[in-house]
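The file run-v3.cif comes next; it holds mmCIF, C-alpha atoms.
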```
data_final
#
loop_
_atom_site.group_PDB
_atom_site.id
_atom_site.type_symbol
_atom_site.label_atom_id
_atom_site.label_comp_id
_atom_site.auth_asym_id
_atom_site.auth_seq_id
_atom_site.Cartn_x
_atom_site.Cartn_y
_atom_site.Cartn_z
ATOM 1 C CA MET A 11 87.206 132.826 18.745
ATOM 2 C CA LYS A 12 84.664 130.006 19.137
ATOM 3 C CA SER A 13 87.461 127.525 19.940
ATOM 4 C CA ILE A 14 88.840 129.829 22.669
ATOM 5 C CA ILE A 15 85.396 130.276 24.263
ATOM 6 C CA ALA A 16 84.816 126.532 24.166
ATOM 7 C CA ALA A 17 88.136 125.913 25.903
ATOM 8 C CA VAL A 18 87.317 128.453 28.635
ATOM 9 C CA VAL A 19 83.864 126.926 29.185
ATOM 10 C CA ALA A 20 85.351 123.420 29.400
ATOM 11 C CA THR A 21 87.880 124.604 31.989
ATOM 12 C CA VAL A 22 85.189 126.249 34.130
ATOM 13 C CA LEU A 23 82.954 123.188 33.989
ATOM 14 C CA ALA A 24 85.821 120.914 34.916
ATOM 15 C CA GLY A 25 86.474 122.936 38.092
ATOM 16 C CA PRO A 26 89.850 123.491 39.759
ATOM 17 C CA ALA A 27 92.499 120.865 39.170
ATOM 18 C CA MET A 28 92.910 118.459 42.109
ATOM 19 C CA ALA A 29 96.401 118.393 43.567
ATOM 20 C CA GLU A 30 98.249 115.111 43.613
ATOM 21 C CA PHE A 31 99.198 113.732 47.037
ATOM 22 C CA PRO A 32 101.738 114.408 48.401
ATOM 23 C CA GLU A 33 102.353 118.079 47.726
ATOM 24 C CA LYS A 34 104.619 118.611 50.739
ATOM 25 C CA GLU A 35 106.772 116.725 53.214
ATOM 26 C CA ILE A 36 105.284 113.927 55.303
ATOM 27 C CA THR A 37 105.886 113.905 59.068
ATOM 28 C CA LEU A 38 106.564 110.500 60.606
ATOM 29 C CA VAL A 39 106.014 110.652 64.373
ATOM 30 C CA VAL A 40 107.916 108.162 66.560
ATOM 31 C CA PRO A 41 107.633 107.638 70.335
ATOM 32 C CA SER A 42 111.318 106.957 70.943
ATOM 33 C CA ALA A 43 114.207 109.331 71.509
ATOM 34 C CA PRO A 44 116.818 109.853 68.782
ATOM 35 C CA GLY A 45 118.868 106.663 68.561
ATOM 36 C CA GLY A 46 116.092 104.394 69.863
ATOM 37 C CA SER A 47 115.022 101.404 67.803
ATOM 38 C CA GLY A 48 111.859 103.052 66.448
ATOM 39 C CA ASP A 49 113.804 106.184 65.636
ATOM 40 C CA ARG A 50 116.391 104.122 63.747
ATOM 41 C CA VAL A 51 113.681 102.522 61.612
ATOM 42 C CA ALA A 52 112.068 105.880 60.908
ATOM 43 C CA ARG A 53 115.348 107.575 59.966
ATOM 44 C CA THR A 54 116.296 104.671 57.719
ATOM 45 C CA LEU A 55 113.005 105.114 55.864
ATOM 46 C CA SER A 56 113.619 108.869 55.648
ATOM 47 C CA LYS A 57 117.193 108.405 54.415
ATOM 48 C CA TYR A 58 116.356 106.021 51.593
ATOM 49 C CA ASN A 59 113.238 107.912 50.600
ATOM 50 C CA ARG A 60 115.510 110.891 50.055
ATOM 51 C CA GLU A 61 117.677 108.757 47.780
ATOM 52 C CA ILE A 62 115.067 106.884 45.748
ATOM 53 C CA LYS A 63 112.200 109.400 46.069
ATOM 54 C CA ALA A 64 109.588 106.727 46.813
ATOM 55 C CA PHE A 65 107.093 109.383 47.930
ATOM 56 C CA GLY A 66 108.201 112.289 45.766
ATOM 57 C CA GLN A 67 108.489 114.377 48.954
ATOM 58 C CA GLU A 68 110.677 114.292 52.058
ATOM 59 C CA ILE A 69 109.823 112.240 55.150
ATOM 60 C CA THR A 70 110.593 114.250 58.296
ATOM 61 C CA VAL A 71 111.014 112.317 61.551
ATOM 62 C CA LYS A 72 109.487 113.839 64.676
ATOM 63 C CA ASN A 73 110.425 112.389 68.088
ATOM 64 C CA SER A 74 107.601 112.604 70.652
ATOM 65 C CA ARG A 75 108.499 110.702 73.803
ATOM 66 C CA GLY A 76 106.341 110.050 76.822
ATOM 67 C CA GLY A 77 103.414 108.091 78.172
ATOM 68 C CA GLY A 78 104.558 104.732 76.852
ATOM 69 C CA GLY A 79 104.099 105.953 73.282
ATOM 70 C CA SER A 80 100.797 107.677 74.039
ATOM 71 C CA VAL A 81 102.137 111.196 73.413
ATOM 72 C CA ALA A 82 103.135 110.268 69.868
ATOM 73 C CA SER A 83 100.021 108.209 69.147
ATOM 74 C CA ARG A 84 97.677 110.927 70.392
ATOM 75 C CA GLN A 85 99.386 113.545 68.223
ATOM 76 C CA VAL A 86 98.724 111.468 65.128
ATOM 77 C CA LYS A 87 95.254 110.378 66.222
ATOM 78 C CA GLU A 88 94.247 114.030 66.524
ATOM 79 C CA ALA A 89 96.049 115.193 63.360
ATOM 80 C CA ASP A 90 94.215 116.097 60.164
ATOM 81 C CA PRO A 91 93.469 112.872 58.254
ATOM 82 C CA ASP A 92 95.208 114.087 55.126
ATOM 83 C CA GLY A 93 98.183 111.707 55.022
ATOM 84 C CA TYR A 94 100.772 114.298 56.002
ATOM 85 C CA THR A 95 101.122 113.127 59.612
ATOM 86 C CA ILE A 96 101.635 109.417 60.196
ATOM 87 C CA LEU A 97 102.812 107.263 63.087
ATOM 88 C CA LEU A 98 105.459 104.600 63.597
ATOM 89 C CA LEU A 99 104.585 102.492 66.612
ATOM 90 C CA HIS A 100 104.471 98.851 67.717
ATOM 91 C CA GLN A 101 102.609 96.725 70.264
ATOM 92 C CA GLY A 102 103.020 99.649 72.669
ATOM 93 C CA LEU A 103 99.844 101.010 71.080
ATOM 94 C CA ILE A 104 98.056 97.969 72.505
ATOM 95 C CA THR A 105 99.806 97.770 75.879
ATOM 96 C CA ALA A 106 99.024 101.442 76.608
ATOM 97 C CA ASN A 107 95.342 100.769 75.975
ATOM 98 C CA VAL A 108 95.262 97.497 77.944
ATOM 99 C CA LEU A 109 96.895 99.169 80.956
ATOM 100 C CA GLY A 110 94.550 102.156 80.827
ATOM 101 C CA VAL A 111 97.141 104.725 79.735
ATOM 102 C CA THR A 112 95.016 105.512 76.689
ATOM 103 C CA ASP A 113 91.334 105.050 75.900
ATOM 104 C CA TYR A 114 92.049 103.914 72.349
ATOM 105 C CA GLY A 115 94.025 101.234 70.555
ATOM 106 C CA PRO A 116 94.785 100.224 66.960
ATOM 107 C CA GLU A 117 91.137 100.720 65.995
ATOM 108 C CA ALA A 118 91.700 104.498 66.189
ATOM 109 C CA PHE A 119 94.026 104.412 63.174
ATOM 110 C CA GLU A 120 94.253 103.289 59.565
ATOM 111 C CA PRO A 121 96.983 100.601 59.413
ATOM 112 C CA LEU A 122 99.277 101.132 56.434
ATOM 113 C CA ALA A 123 102.050 98.557 56.736
ATOM 114 C CA GLU A 124 104.462 96.732 58.981
ATOM 115 C CA VAL A 125 107.933 97.615 57.755
ATOM 116 C CA ALA A 126 110.337 95.979 60.192
ATOM 117 C CA GLN A 127 110.356 93.336 62.879
ATOM 118 C CA GLN A 128 112.572 92.751 65.871
ATOM 119 C CA CYS A 129 112.205 89.578 67.829
ATOM 120 C CA LEU A 130 112.956 89.559 71.549
ATOM 121 C CA VAL A 131 116.075 88.030 73.094
ATOM 122 C CA TYR A 132 116.165 86.884 76.725
ATOM 123 C CA VAL A 133 119.660 87.451 78.105
ATOM 124 C CA GLY A 134 121.653 86.679 81.212
ATOM 125 C CA ALA A 135 124.044 88.974 83.059
ATOM 126 C CA PRO A 136 127.765 88.700 82.188
ATOM 127 C CA LYS A 137 128.380 86.327 85.113
ATOM 128 C CA SER A 138 125.264 84.261 84.432
ATOM 129 C CA PRO A 139 125.842 80.533 85.000
ATOM 130 C CA TYR A 140 123.166 79.514 82.487
ATOM 131 C CA ALA A 141 124.121 78.100 79.088
ATOM 132 C CA ASP A 142 120.647 78.806 77.697
ATOM 133 C CA TYR A 143 117.112 79.627 78.771
ATOM 134 C CA LYS A 144 116.262 75.976 79.462
ATOM 135 C CA ALA A 145 119.049 75.827 82.054
ATOM 136 C CA ALA A 146 117.667 78.992 83.666
ATOM 137 C CA VAL A 147 114.179 77.473 83.793
ATOM 138 C CA GLU A 148 115.493 74.298 85.421
ATOM 139 C CA ALA A 149 117.368 76.392 88.008
ATOM 140 C CA VAL A 150 114.221 78.357 88.914
ATOM 141 C CA LYS A 151 112.158 75.201 89.159
ATOM 142 C CA GLY A 152 114.883 73.849 91.444
ATOM 143 C CA GLY A 153 114.467 76.752 93.841
ATOM 144 C CA THR A 154 116.813 79.442 92.503
ATOM 145 C CA LYS A 155 115.452 82.986 92.812
ATOM 146 C CA MET A 156 115.867 84.891 89.562
ATOM 147 C CA ARG A 157 115.530 88.675 89.246
ATOM 148 C CA GLU A 158 114.571 90.227 85.925
ATOM 149 C CA ALA A 159 115.382 93.807 84.948
ATOM 150 C CA ALA A 160 112.076 94.943 83.462
ATOM 151 C CA ASN A 161 110.358 97.862 81.836
ATOM 152 C CA ILE A 162 107.012 97.121 83.440
ATOM 153 C CA GLY A 163 104.057 97.739 81.142
ATOM 154 C CA ALA A 164 106.126 97.936 77.960
ATOM 155 C CA PRO A 165 105.916 95.330 75.161
ATOM 156 C CA ALA A 166 109.208 93.760 76.335
ATOM 157 C CA HIS A 167 107.616 93.105 79.738
ATOM 158 C CA PHE A 168 104.656 91.391 78.088
ATOM 159 C CA ALA A 169 107.053 89.301 75.996
ATOM 160 C CA SER A 170 108.983 88.047 79.026
ATOM 161 C CA MET A 171 105.702 87.341 80.832
ATOM 162 C CA TYR A 172 104.591 85.255 77.864
ATOM 163 C CA LEU A 173 107.858 83.306 77.685
ATOM 164 C CA ASN A 174 108.006 82.609 81.411
ATOM 165 C CA GLU A 175 104.322 81.640 81.440
ATOM 166 C CA VAL A 176 104.897 79.061 78.702
ATOM 167 C CA ALA A 177 107.953 77.762 80.593
ATOM 168 C CA GLY A 178 105.943 77.570 83.818
ATOM 169 C CA ILE A 179 108.163 79.780 85.988
ATOM 170 C CA ASN A 180 107.856 82.983 87.983
ATOM 171 C CA VAL A 181 110.675 85.506 88.285
ATOM 172 C CA SER A 182 111.030 88.579 90.478
ATOM 173 C CA LEU A 183 110.603 91.770 88.462
ATOM 174 C CA VAL A 184 112.789 94.768 89.193
ATOM 175 C CA GLN A 185 111.611 97.950 87.482
ATOM 176 C CA ALA A 186 114.619 99.270 85.560
ATOM 177 C CA GLY A 187 113.193 101.122 82.549
ATOM 178 C CA GLN A 188 114.492 101.517 79.015
ATOM 179 C CA GLY A 189 117.131 99.294 77.398
ATOM 180 C CA SER A 190 120.173 101.217 78.616
ATOM 181 C CA GLU A 191 118.808 101.198 82.166
ATOM 182 C CA ARG A 192 118.141 97.469 82.056
ATOM 183 C CA LEU A 193 121.698 97.002 80.819
ATOM 184 C CA ALA A 194 123.017 99.001 83.773
ATOM 185 C CA SER A 195 120.982 96.862 86.164
ATOM 186 C CA LEU A 196 122.507 93.684 84.744
ATOM 187 C CA MET A 197 126.030 95.083 84.674
ATOM 188 C CA GLY A 198 125.719 96.258 88.264
ATOM 189 C CA GLY A 199 124.692 92.825 89.472
ATOM 190 C CA HIS A 200 121.280 94.033 90.629
ATOM 191 C CA THR A 201 119.434 91.603 88.358
ATOM 192 C CA ASP A 202 120.118 88.279 86.650
ATOM 193 C CA VAL A 203 118.204 88.383 83.372
ATOM 194 C CA SER A 204 116.393 90.784 81.067
ATOM 195 C CA ILE A 205 114.885 90.943 77.610
ATOM 196 C CA PHE A 206 115.980 93.053 74.643
ATOM 197 C CA ALA A 207 115.224 93.509 70.968
ATOM 198 C CA VAL A 208 117.782 91.974 68.600
ATOM 199 C CA SER A 209 119.316 95.356 67.739
ATOM 200 C CA GLU A 210 119.844 96.091 71.445
ATOM 201 C CA ALA A 211 121.284 92.627 72.081
ATOM 202 C CA LEU A 212 123.762 93.256 69.262
ATOM 203 C CA ALA A 213 124.706 96.681 70.603
ATOM 204 C CA TYR A 214 125.228 95.322 74.114
ATOM 205 C CA GLN A 215 127.261 92.238 73.140
ATOM 206 C CA GLU A 216 130.516 93.977 73.988
ATOM 207 C CA ASN A 217 129.274 94.268 77.583
ATOM 208 C CA GLY A 218 129.386 90.506 77.958
ATOM 209 C CA LEU A 219 125.641 89.812 78.100
ATOM 210 C CA LYS A 220 124.746 86.174 77.428
ATOM 211 C CA PRO A 221 121.860 85.644 74.991
ATOM 212 C CA LEU A 222 119.857 82.655 76.284
ATOM 213 C CA VAL A 223 116.979 82.364 73.801
ATOM 214 C CA ILE A 224 115.288 84.267 70.994
ATOM 215 C CA MET A 225 111.503 84.442 70.635
ATOM 216 C CA SER A 226 111.429 84.047 66.856
ATOM 217 C CA ALA A 227 110.215 81.371 64.455
ATOM 218 C CA GLU A 228 113.785 80.634 63.412
ATOM 219 C CA ARG A 229 117.294 81.633 64.412
ATOM 220 C CA ASP A 230 118.323 85.149 63.523
ATOM 221 C CA PRO A 231 121.268 85.392 61.092
ATOM 222 C CA VAL A 232 122.880 88.140 63.180
ATOM 223 C CA LEU A 233 122.707 85.930 66.302
ATOM 224 C CA PRO A 234 123.135 82.480 64.744
ATOM 225 C CA ASP A 235 124.211 80.714 67.944
ATOM 226 C CA VAL A 236 121.148 81.732 69.953
ATOM 227 C CA PRO A 237 118.458 78.994 70.010
ATOM 228 C CA THR A 238 114.788 79.767 69.491
ATOM 229 C CA ALA A 239 112.312 79.174 72.306
ATOM 230 C CA LYS A 240 110.690 76.453 70.236
ATOM 231 C CA GLU A 241 114.024 74.646 69.840
ATOM 232 C CA LEU A 242 114.270 74.498 73.625
ATOM 233 C CA GLY A 243 110.724 73.189 73.976
ATOM 234 C CA TYR A 244 108.823 76.428 74.631
ATOM 235 C CA ASP A 245 106.280 77.439 71.988
ATOM 236 C CA ALA A 246 106.525 81.192 72.512
ATOM 237 C CA GLU A 247 107.128 83.750 69.784
ATOM 238 C CA PHE A 248 107.107 87.508 70.304
ATOM 239 C CA CYS A 249 108.461 89.968 67.777
ATOM 240 C CA ILE A 250 108.070 93.734 67.907
ATOM 241 C CA GLY A 251 106.361 94.914 64.734
ATOM 242 C CA ASN A 252 107.097 98.427 63.528
ATOM 243 C CA TRP A 253 103.726 99.559 62.193
ATOM 244 C CA ILE A 254 103.041 102.659 60.123
ATOM 245 C CA LEU A 255 99.577 104.078 60.823
ATOM 246 C CA ALA A 256 97.538 107.040 59.613
ATOM 247 C CA PRO A 257 94.733 108.947 61.360
ATOM 248 C CA LYS A 258 91.281 107.411 61.076
ATOM 249 C CA GLY A 259 89.369 108.846 58.147
ATOM 250 C CA THR A 260 92.350 109.334 55.838
ATOM 251 C CA PRO A 261 91.013 109.010 52.250
ATOM 252 C CA ASP A 262 91.486 105.667 50.524
ATOM 253 C CA ASP A 263 93.448 107.138 47.626
ATOM 254 C CA VAL A 264 95.893 108.757 50.059
ATOM 255 C CA LEU A 265 96.252 105.514 52.005
ATOM 256 C CA ALA A 266 96.982 103.690 48.755
ATOM 257 C CA LYS A 267 99.743 106.150 47.824
ATOM 258 C CA LEU A 268 101.299 105.917 51.277
ATOM 259 C CA GLN A 269 101.282 102.127 51.058
ATOM 260 C CA GLN A 270 102.774 102.228 47.576
ATOM 261 C CA GLY A 271 105.597 104.476 48.763
ATOM 262 C CA LEU A 272 106.334 102.221 51.741
ATOM 263 C CA GLU A 273 106.350 99.116 49.566
ATOM 264 C CA THR A 274 108.784 100.784 47.164
ATOM 265 C CA LEU A 275 111.075 101.669 50.057
ATOM 266 C CA MET A 276 111.004 98.175 51.546
ATOM 267 C CA THR A 277 112.138 96.593 48.287
ATOM 268 C CA ASP A 278 115.225 98.815 48.017
ATOM 269 C CA PRO A 279 118.284 96.512 48.334
ATOM 270 C CA ALA A 280 120.410 99.076 50.182
ATOM 271 C CA LEU A 281 117.700 99.731 52.755
ATOM 272 C CA VAL A 282 117.139 96.002 53.252
ATOM 273 C CA LYS A 283 120.868 95.466 53.776
ATOM 274 C CA GLU A 284 121.213 98.290 56.307
ATOM 275 C CA MET A 285 118.187 97.183 58.320
ATOM 276 C CA THR A 286 119.291 93.543 58.359
ATOM 277 C CA GLU A 287 122.804 94.364 59.512
ATOM 278 C CA GLY A 288 121.326 96.529 62.263
ATOM 279 C CA GLY A 289 119.307 93.640 63.707
ATOM 280 C CA PHE A 290 115.971 94.432 62.049
ATOM 281 C CA LYS A 291 114.027 92.133 59.754
ATOM 282 C CA PRO A 292 112.745 94.269 56.868
ATOM 283 C CA VAL A 293 109.238 93.278 55.772
ATOM 284 C CA PHE A 294 106.224 94.709 54.021
ATOM 285 C CA VAL A 295 102.946 93.467 55.473
ATOM 286 C CA SER A 296 99.673 95.241 54.747
ATOM 287 C CA GLY A 297 95.960 94.673 54.240
ATOM 288 C CA ASP A 298 94.207 91.694 55.816
ATOM 289 C CA MET A 299 97.490 90.059 56.835
ATOM 290 C CA LEU A 300 98.470 93.097 58.890
ATOM 291 C CA ALA A 301 94.969 93.359 60.379
ATOM 292 C CA ASP A 302 95.188 89.706 61.455
ATOM 293 C CA LYS A 303 98.609 90.277 63.071
ATOM 294 C CA ILE A 304 97.351 93.263 65.025
ATOM 295 C CA GLU A 305 94.253 91.354 66.136
ATOM 296 C CA ALA A 306 96.338 88.383 67.326
ATOM 297 C CA ALA A 307 98.713 90.699 69.215
ATOM 298 C CA THR A 308 95.742 92.428 70.839
ATOM 299 C CA GLU A 309 94.319 89.118 72.057
ATOM 300 C CA THR A 310 97.646 87.966 73.562
ATOM 301 C CA ILE A 311 98.446 91.289 75.226
ATOM 302 C CA THR A 312 94.917 91.675 76.594
ATOM 303 C CA ARG A 313 95.112 88.250 78.219
ATOM 304 C CA LEU A 314 98.512 88.986 79.744
ATOM 305 C CA GLY A 315 97.304 92.401 80.875
ATOM 306 C CA GLU A 316 94.592 90.721 82.924
ATOM 307 C CA LYS A 317 97.332 88.886 84.830
ATOM 308 C CA ILE A 318 99.129 92.166 85.612
ATOM 309 C CA ALA A 319 95.897 93.649 86.967
ATOM 310 C CA LYS A 320 95.412 90.803 89.460
#
```

Represent the structure contained in this file as structure tokens.
Amino acid sequence: MKSIIAAVVATVLAGPAMAEFPEKEITLVVPSAPGGSGDRVARTLSKYNREIKAFGQEITVKNSRGGGGSVASRQVKEADPDGYTILLLHQGLITANVLGVTDYGPEAFEPLAEVAQQCLVYVGAPKSPYADYKAAVEAVKGGTKMREAANIGAPAHFASMYLNEVAGINVSLVQAGQGSERLASLMGGHTDVSIFAVSEALAYQENGLKPLVIMSAERDPVLPDVPTAKELGYDAEFCIGNWILAPKGTPDDVLAKLQQGLETLMTDPALVKEMTEGGFKPVFVSGDMLADKIEAATETITRLGEKIAK
């Protein structure tokens, strides 16, 4: 009898057992439509999590388009900081803030990890006479008027601004919109050049677009014949980083488990292979290194944003 009473007392004193995170599915909110590059990253994570059970629970992808990513980011910013609602976004979180679309930036979130990169490719229309970006720069400096299909205010716009600034040229911007709309502008002969992520450049190759330069540190294995900006004499790198973020105030132990699950996913050979073949560079960057990357991106985008405002 005494042993039973002692056990009951010990249980009462210990209090209710704390549940282990996660107890239920995790919602990953993305700002792109189904089939967009962010959506593809998110669904790849969801697919392989289902196979290797990195989190022990399902990852459900929720598409929330609008406002240059602000609809998705605000949903997560205002969600309960319990780890069950997280965000996949990129430098669009910064551009929206710099352009006044939102009154918050990366500081409103807990950064978990960067899980995939896509560097930007500057391309010419199918009938473009330029062999590479350097030839295009020389033509503009010689008096040729060049029209760029742009998605003004989006990270791709900031990337092309950065590249053209380093090269010392100005081009005429034609607002076209998302990737498919910029493609249509090029195919219709309305514009001469545009900029795309690697995965888009791959998808649009069959349309005859001419990749002129890639804004990466080294050539991309899926586009091995495309020179880097640095190879052509322009020190300009710009890669879209797919960041996973949690609401501010999420407990440290929950953040640690989310990071552990993401790291497990990003070391899965099948996931790495699928992402690579799709034009993404799978990575796992967290902690101080990720904070430094976000800070550097904020500085560059803020400076370029000041030029747009003038």

Local residues around (108.3, 95.0, 54.7), at most 8 Å away, using all atoms listed in the file, as a PDB file with C-alpha atoms, in the coordinates of the input:
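Output saved as part_17.pdb:
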```pdb
ATOM      1  CA  ALA A 123     102.050  98.557  56.736  1.00  0.00           C
ATOM      2  CA  GLU A 124     104.462  96.732  58.981  1.00  0.00           C
ATOM      3  CA  VAL A 125     107.933  97.615  57.755  1.00  0.00           C
ATOM      4  CA  ALA A 126     110.337  95.979  60.192  1.00  0.00           C
ATOM      5  CA  GLU A 273     106.350  99.116  49.566  1.00  0.00           C
ATOM      6  CA  MET A 276     111.004  98.175  51.546  1.00  0.00           C
ATOM      7  CA  THR A 277     112.138  96.593  48.287  1.00  0.00           C
ATOM      8  CA  PRO A 292     112.745  94.269  56.868  1.00  0.00           C
ATOM      9  CA  VAL A 293     109.238  93.278  55.772  1.00  0.00           C
ATOM     10  CA  PHE A 294     106.224  94.709  54.021  1.00  0.00           C
ATOM     11  CA  VAL A 295     102.946  93.467  55.473  1.00  0.00           C
TER      12      VAL A 295
END
```

Could you list, as a PDB file with C-alpha atoms, in the coordinates of the input, every residue within 8 Å of A:Leu97, counting all atoms listed in the file and ignoring same-chain residues fewer than 5 positions away?
```pdb
ATOM      1  CA  LEU A  38     106.564 110.500  60.606  1.00  0.00           C
ATOM      2  CA  VAL A  39     106.014 110.652  64.373  1.00  0.00           C
ATOM      3  CA  VAL A  40     107.916 108.162  66.560  1.00  0.00           C
ATOM      4  CA  ALA A  82     103.135 110.268  69.868  1.00  0.00           C
ATOM      5  CA  SER A  83     100.021 108.209  69.147  1.00  0.00           C
ATOM      6  CA  VAL A  86      98.724 111.468  65.128  1.00  0.00           C
ATOM      7  CA  TRP A 253     103.726  99.559  62.193  1.00  0.00           C
ATOM      8  CA  ILE A 254     103.041 102.659  60.123  1.00  0.00           C
ATOM      9  CA  LEU A 255      99.577 104.078  60.823  1.00  0.00           C
ATOM     10  CA  ALA A 256      97.538 107.040  59.613  1.00  0.00           C
TER      11      ALA A 256
END
```

If we count all atoms listed in the file, what is near A:Ser190 at a cut-off of 12 Å, once residues fewer than 4 positions away on the same chain are taken out, given as JSON, numbers by chain? {"A": [45, 46, 47, 159, 160, 161, 186, 194, 195, 196, 197, 204, 205, 206, 207, 210, 211, 213, 214, 217]}

Saved selection, atoms kept: C-alpha atoms, as a CSV table (one decimal), in the frame of the given file:
```
chain,number,residue,atom,x,y,z
A,45,GLY,CA,118.9,106.7,68.6
A,46,GLY,CA,116.1,104.4,69.9
A,47,SER,CA,115.0,101.4,67.8
A,159,ALA,CA,115.4,93.8,84.9
A,160,ALA,CA,112.1,94.9,83.5
A,161,ASN,CA,110.4,97.9,81.8
A,186,ALA,CA,114.6,99.3,85.6
A,194,ALA,CA,123.0,99.0,83.8
A,195,SER,CA,121.0,96.9,86.2
A,196,LEU,CA,122.5,93.7,84.7
A,197,MET,CA,126.0,95.1,84.7
A,204,SER,CA,116.4,90.8,81.1
A,205,ILE,CA,114.9,90.9,77.6
A,206,PHE,CA,116.0,93.1,74.6
A,207,ALA,CA,115.2,93.5,71.0
A,210,GLU,CA,119.8,96.1,71.4
A,211,ALA,CA,121.3,92.6,72.1
A,213,ALA,CA,124.7,96.7,70.6
A,214,TYR,CA,125.2,95.3,74.1
A,217,ASN,CA,129.3,94.3,77.6
```

When the PyMOL selection byres ((chain A and resi 65-79) around 7) is applied to the file above, which residues end up in the set, as a PDB file with C-alpha atoms, in the coordinates of the input?
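Ended up saving to part-v3.pdb:
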```pdb
ATOM      1  CA  PRO A  32     101.738 114.408  48.401  1.00  0.00           C
ATOM      2  CA  LYS A  34     104.619 118.611  50.739  1.00  0.00           C
ATOM      3  CA  GLU A  35     106.772 116.725  53.214  1.00  0.00           C
ATOM      4  CA  ILE A  36     105.284 113.927  55.303  1.00  0.00           C
ATOM      5  CA  THR A  37     105.886 113.905  59.068  1.00  0.00           C
ATOM      6  CA  LEU A  38     106.564 110.500  60.606  1.00  0.00           C
ATOM      7  CA  VAL A  39     106.014 110.652  64.373  1.00  0.00           C
ATOM      8  CA  VAL A  40     107.916 108.162  66.560  1.00  0.00           C
ATOM      9  CA  PRO A  41     107.633 107.638  70.335  1.00  0.00           C
ATOM     10  CA  SER A  42     111.318 106.957  70.943  1.00  0.00           C
ATOM     11  CA  ALA A  43     114.207 109.331  71.509  1.00  0.00           C
ATOM     12  CA  PRO A  44     116.818 109.853  68.782  1.00  0.00           C
ATOM     13  CA  ALA A  52     112.068 105.880  60.908  1.00  0.00           C
ATOM     14  CA  ARG A  53     115.348 107.575  59.966  1.00  0.00           C
ATOM     15  CA  SER A  56     113.619 108.869  55.648  1.00  0.00           C
ATOM     16  CA  ASN A  59     113.238 107.912  50.600  1.00  0.00           C
ATOM     17  CA  ARG A  60     115.510 110.891  50.055  1.00  0.00           C
ATOM     18  CA  LYS A  63     112.200 109.400  46.069  1.00  0.00           C
ATOM     19  CA  ALA A  64     109.588 106.727  46.813  1.00  0.00           C
ATOM     20  CA  SER A  80     100.797 107.677  74.039  1.00  0.00           C
ATOM     21  CA  VAL A  81     102.137 111.196  73.413  1.00  0.00           C
ATOM     22  CA  ALA A  82     103.135 110.268  69.868  1.00  0.00           C
ATOM     23  CA  SER A  83     100.021 108.209  69.147  1.00  0.00           C
ATOM     24  CA  GLY A 102     103.020  99.649  72.669  1.00  0.00           C
ATOM     25  CA  LEU A 103      99.844 101.010  71.080  1.00  0.00           C
ATOM     26  CA  ALA A 106      99.024 101.442  76.608  1.00  0.00           C
ATOM     27  CA  GLY A 271     105.597 104.476  48.763  1.00  0.00           C
TER      28      GLY A 271
END
```

What is the distance between atom CA of A:Leu98 and atom CA of A:Phe119, in Å to one decimal?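 Computing it gives 11.4 Å between the two atoms.
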
Report as a PDB file with C-alpha atoms, in the coordinates of the input all protein, DNA and RNA residues lying within 8 Å of A:Ala118, evaluated on all atoms listed in the file, omitting residues in the same chain fewer than 6 positions from it.
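File out-v2.pdb, as written:
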```pdb
ATOM      1  CA  LYS A  87      95.254 110.378  66.222  1.00  0.00           C
ATOM      2  CA  PRO A 257      94.733 108.947  61.360  1.00  0.00           C
ATOM      3  CA  LYS A 258      91.281 107.411  61.076  1.00  0.00           C
TER       4      LYS A 258
END
```

Considering all atoms listed in the file, can you say which of A:Val232, A:Pro237, A:Gly251, A:Val133 comes closest to A:Glu287?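 Answer, going by the shortest atom-to-atom distance: A:Val232.
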
Given the file shown, determine the residues that the PyMOL selection byres ((chain A and resi 200) around 12) selects; report them as an mmCIF file with C-alpha atoms, in the coordinates of the input.
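Result went into result_11.cif, see below:
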```cif
data_model
loop_
_atom_site.group_PDB
_atom_site.id
_atom_site.type_symbol
_atom_site.label_atom_id
_atom_site.label_comp_id
_atom_site.auth_asym_id
_atom_site.auth_seq_id
_atom_site.Cartn_x
_atom_site.Cartn_y
_atom_site.Cartn_z
ATOM 1 C CA GLY A 134 121.653 86.679 81.212
ATOM 2 C CA ALA A 135 124.044 88.974 83.059
ATOM 3 C CA PRO A 136 127.765 88.700 82.188
ATOM 4 C CA LYS A 137 128.380 86.327 85.113
ATOM 5 C CA MET A 156 115.867 84.891 89.562
ATOM 6 C CA ARG A 157 115.530 88.675 89.246
ATOM 7 C CA GLU A 158 114.571 90.227 85.925
ATOM 8 C CA ALA A 159 115.382 93.807 84.948
ATOM 9 C CA ALA A 160 112.076 94.943 83.462
ATOM 10 C CA SER A 182 111.030 88.579 90.478
ATOM 11 C CA LEU A 183 110.603 91.770 88.462
ATOM 12 C CA VAL A 184 112.789 94.768 89.193
ATOM 13 C CA GLN A 185 111.611 97.950 87.482
ATOM 14 C CA ALA A 186 114.619 99.270 85.560
ATOM 15 C CA GLU A 191 118.808 101.198 82.166
ATOM 16 C CA ARG A 192 118.141 97.469 82.056
ATOM 17 C CA LEU A 193 121.698 97.002 80.819
ATOM 18 C CA ALA A 194 123.017 99.001 83.773
ATOM 19 C CA SER A 195 120.982 96.862 86.164
ATOM 20 C CA LEU A 196 122.507 93.684 84.744
ATOM 21 C CA MET A 197 126.030 95.083 84.674
ATOM 22 C CA GLY A 198 125.719 96.258 88.264
ATOM 23 C CA GLY A 199 124.692 92.825 89.472
ATOM 24 C CA THR A 201 119.434 91.603 88.358
ATOM 25 C CA ASP A 202 120.118 88.279 86.650
ATOM 26 C CA VAL A 203 118.204 88.383 83.372
ATOM 27 C CA SER A 204 116.393 90.784 81.067
#
```

Separating atom CA of A:Lys144 from atom CA of A:Leu242, to the nearest tenth of an Å, is a gap of 6.3 Å
